[in-house]
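Working notes for the structure below.
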Amino acid sequence: MAAFLLTLGCKPKAETAADAATHASSAEAPAAVSKVAAETLPLLGAAPAWTLKKIDGTALSSDDLKGKVVVLDFWATWCPPCRAEIPGYVEMQKKLESAGVVIVGVSLDQKGPPVVKSFAEKYAINYPLVMGDDAVVQAFGGIEAIPTTFLIDRDGQVRHRKVGMMEHADYEALVTSLL
C-alpha cells in the first residue's frame with residue numbers, strides 16, 4: 001500500500017458529472033442540498049463487509065454498524081484536506097450520534113496506530129478510527145485520492161461517494177437526508 005499512497009498523494013480528482021448529480025454545489029443552502037439529496041441520492045450498491053482494527057487494537061466491523069447511517073472516511077494524518085475535514089466530522093458526530101449516525105475514519109497511515117492515536121488525541125476525535133489495509137481499499141473499488149468518503153444508509157447501501165473535500169454544511173445535509 002505504500003506505493004499506492006505515494007502515487008495517490010492527497011490530491012482529489014476533478015468532480016465528474018455523476019458526482020455532481022449526487023450532490024448540489026457548495027454555494028447552495030444546506031436545506032436545498034438536503035432536498036436534492038433526499039430525492040436524488042442514488043443506490044450505488046451494497047457496501048462491502050469489512051473488519052478492521054481500531055487504534056486501541058480492538059476490532060470494528062461493518063456488522064457492528066448495522067442499522068446506522070455510516071460516514072466511512074478514508075484519510076491519513078499527513079493529508080491536509082483530510083485534516084481540514086476533521087473538525088466538521090467531530091461536530092457532526094456530536095450532533096447526529098443520537099440520531100444513529102456514526103463516522104468511522106479509516107486511516108491509511110503507514111506508520112501505524114501510535115501515530116494515528118496521537119493525532120486523534122491532539123484533534124479530540126470523538127469517532128472510531130480504524131487502520132485500513134489493501135483489502136478494504138480494494139473492497140471499496142480502490143481509492144483514487146484521499147480523503148474519499150462513502151455515505152452508507154441504514155440498509156447498508158452506499159448512497160454517495162465523495163472524493164476530496166466538500167463544504168461541511170453541504171455534506172451534513174446529505175447525511176441528514178438519510179435519517
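Scheme for the C-alpha cells: letters A, B, ... for chains in order shown; per-chain residue numbers from 1; ligand numbers from 1 in order shown.
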Practice task
Could you give me the residues within stretch 109-164 of chain A that DSSP places in alpha helix (DSSP H), as a ChimeraX atom specification?
Solution key: /A:113-122,134-139
Deliver the residues from the most recent selection as a file, using C-alpha atoms, as a PDB file, in the first residue's frame.
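Output (result.pdb):
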```
ATOM      1  CA  PRO A 113      -1.790   3.049  15.260  1.00  0.00           C
ATOM      2  CA  PRO A 114       0.571   5.037  17.552  1.00  0.00           C
ATOM      3  CA  VAL A 115       0.765   7.921  15.049  1.00  0.00           C
ATOM      4  CA  VAL A 116      -2.996   7.889  14.493  1.00  0.00           C
ATOM      5  CA  LYS A 117      -3.734   7.627  18.224  1.00  0.00           C
ATOM      6  CA  SER A 118      -1.521  10.634  18.984  1.00  0.00           C
ATOM      7  CA  PHE A 119      -3.190  12.589  16.176  1.00  0.00           C
ATOM      8  CA  ALA A 120      -6.662  11.635  17.443  1.00  0.00           C
ATOM      9  CA  GLU A 121      -5.848  12.866  20.930  1.00  0.00           C
ATOM     10  CA  LYS A 122      -4.421  16.138  19.623  1.00  0.00           C
ATOM     11  CA  ASP A 134      -5.210  -3.141   0.978  1.00  0.00           C
ATOM     12  CA  ALA A 135      -8.175  -5.500   1.289  1.00  0.00           C
ATOM     13  CA  VAL A 136     -10.608  -2.786   2.447  1.00  0.00           C
ATOM     14  CA  VAL A 137      -9.273  -0.332  -0.135  1.00  0.00           C
ATOM     15  CA  GLN A 138      -9.896  -2.887  -2.880  1.00  0.00           C
ATOM     16  CA  ALA A 139     -13.285  -3.877  -1.441  1.00  0.00           C
TER      17      ALA A 139
END
```
Practice task
Extract, using only C-alpha atoms, all DNA, RNA and protein residues at most 8 Å from stretch 42-44 of chain A, discarding same-chain residues fewer than 6 positions from it, and format them as a count of residues only.
Solution key: 5
Problem - Surrounding residues of A:Leu108 excluding itself and chain neighbours under 6 positions, 7 Å, only C-alpha atoms, as a PyMOL selection string - result: chain A and resi 74-76+131-132
Restrict the selected residues to N, CA and C atoms and save them as a compact mmCIF listing (two decimals), in the first residue's frame.
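Here's the written file selection_13.txt:
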```
# COMPACT_ATOMS: atom_id res chain seq x y z
N PHE A 74 -11.95 7.52 4.30
CA PHE A 74 -10.57 7.08 4.08
C PHE A 74 -9.70 8.33 4.11
N TRP A 75 -8.70 8.34 4.98
CA TRP A 75 -7.92 9.55 5.23
C TRP A 75 -6.53 9.17 5.73
N ALA A 76 -5.69 10.17 5.97
CA ALA A 76 -4.37 9.98 6.59
C ALA A 76 -3.99 11.25 7.36
N MET A 131 -7.59 1.15 11.30
CA MET A 131 -6.44 1.12 10.40
C MET A 131 -6.84 0.38 9.13
N GLY A 132 -6.80 1.09 8.01
CA GLY A 132 -7.15 0.50 6.72
C GLY A 132 -6.05 -0.42 6.22
```
Handout entry: Shortest interatomic distance to A:Tyr89 - which of A:Ala145, A:Leu52, A:Val101, A:Leu178, counting only C-alpha atoms
Key =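 Under the stated criterion, the closest residue is A:Val101.
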Exercise for the section: Could you give me the residues within stretch 53-177 of chain A that DSSP places in strand (DSSP E), as a ChimeraX atom specification? Expected result: /A:53,59-61,69-75,101-107,129-131,148-152,158-163
Practice task
Have a look at atom CA of A:Gly156 and atom CA of A:Pro128 and let me know their distance in Å, one decimal.
Solution key: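 That distance, rounded to one decimal, is 18.0 Å.
Compared by their closest atoms to A:Pro87, and using only C-alpha atoms, the residues A:Ala124, A:Leu179, A:Ala173, A:Leu41 rank with A:Ala124 nearest.
Minimum distance to A:Arg154 across A:Leu96, A:Val90, A:Val70, A:Ala46 (counting only C-alpha atoms) occurs at A:Val70.
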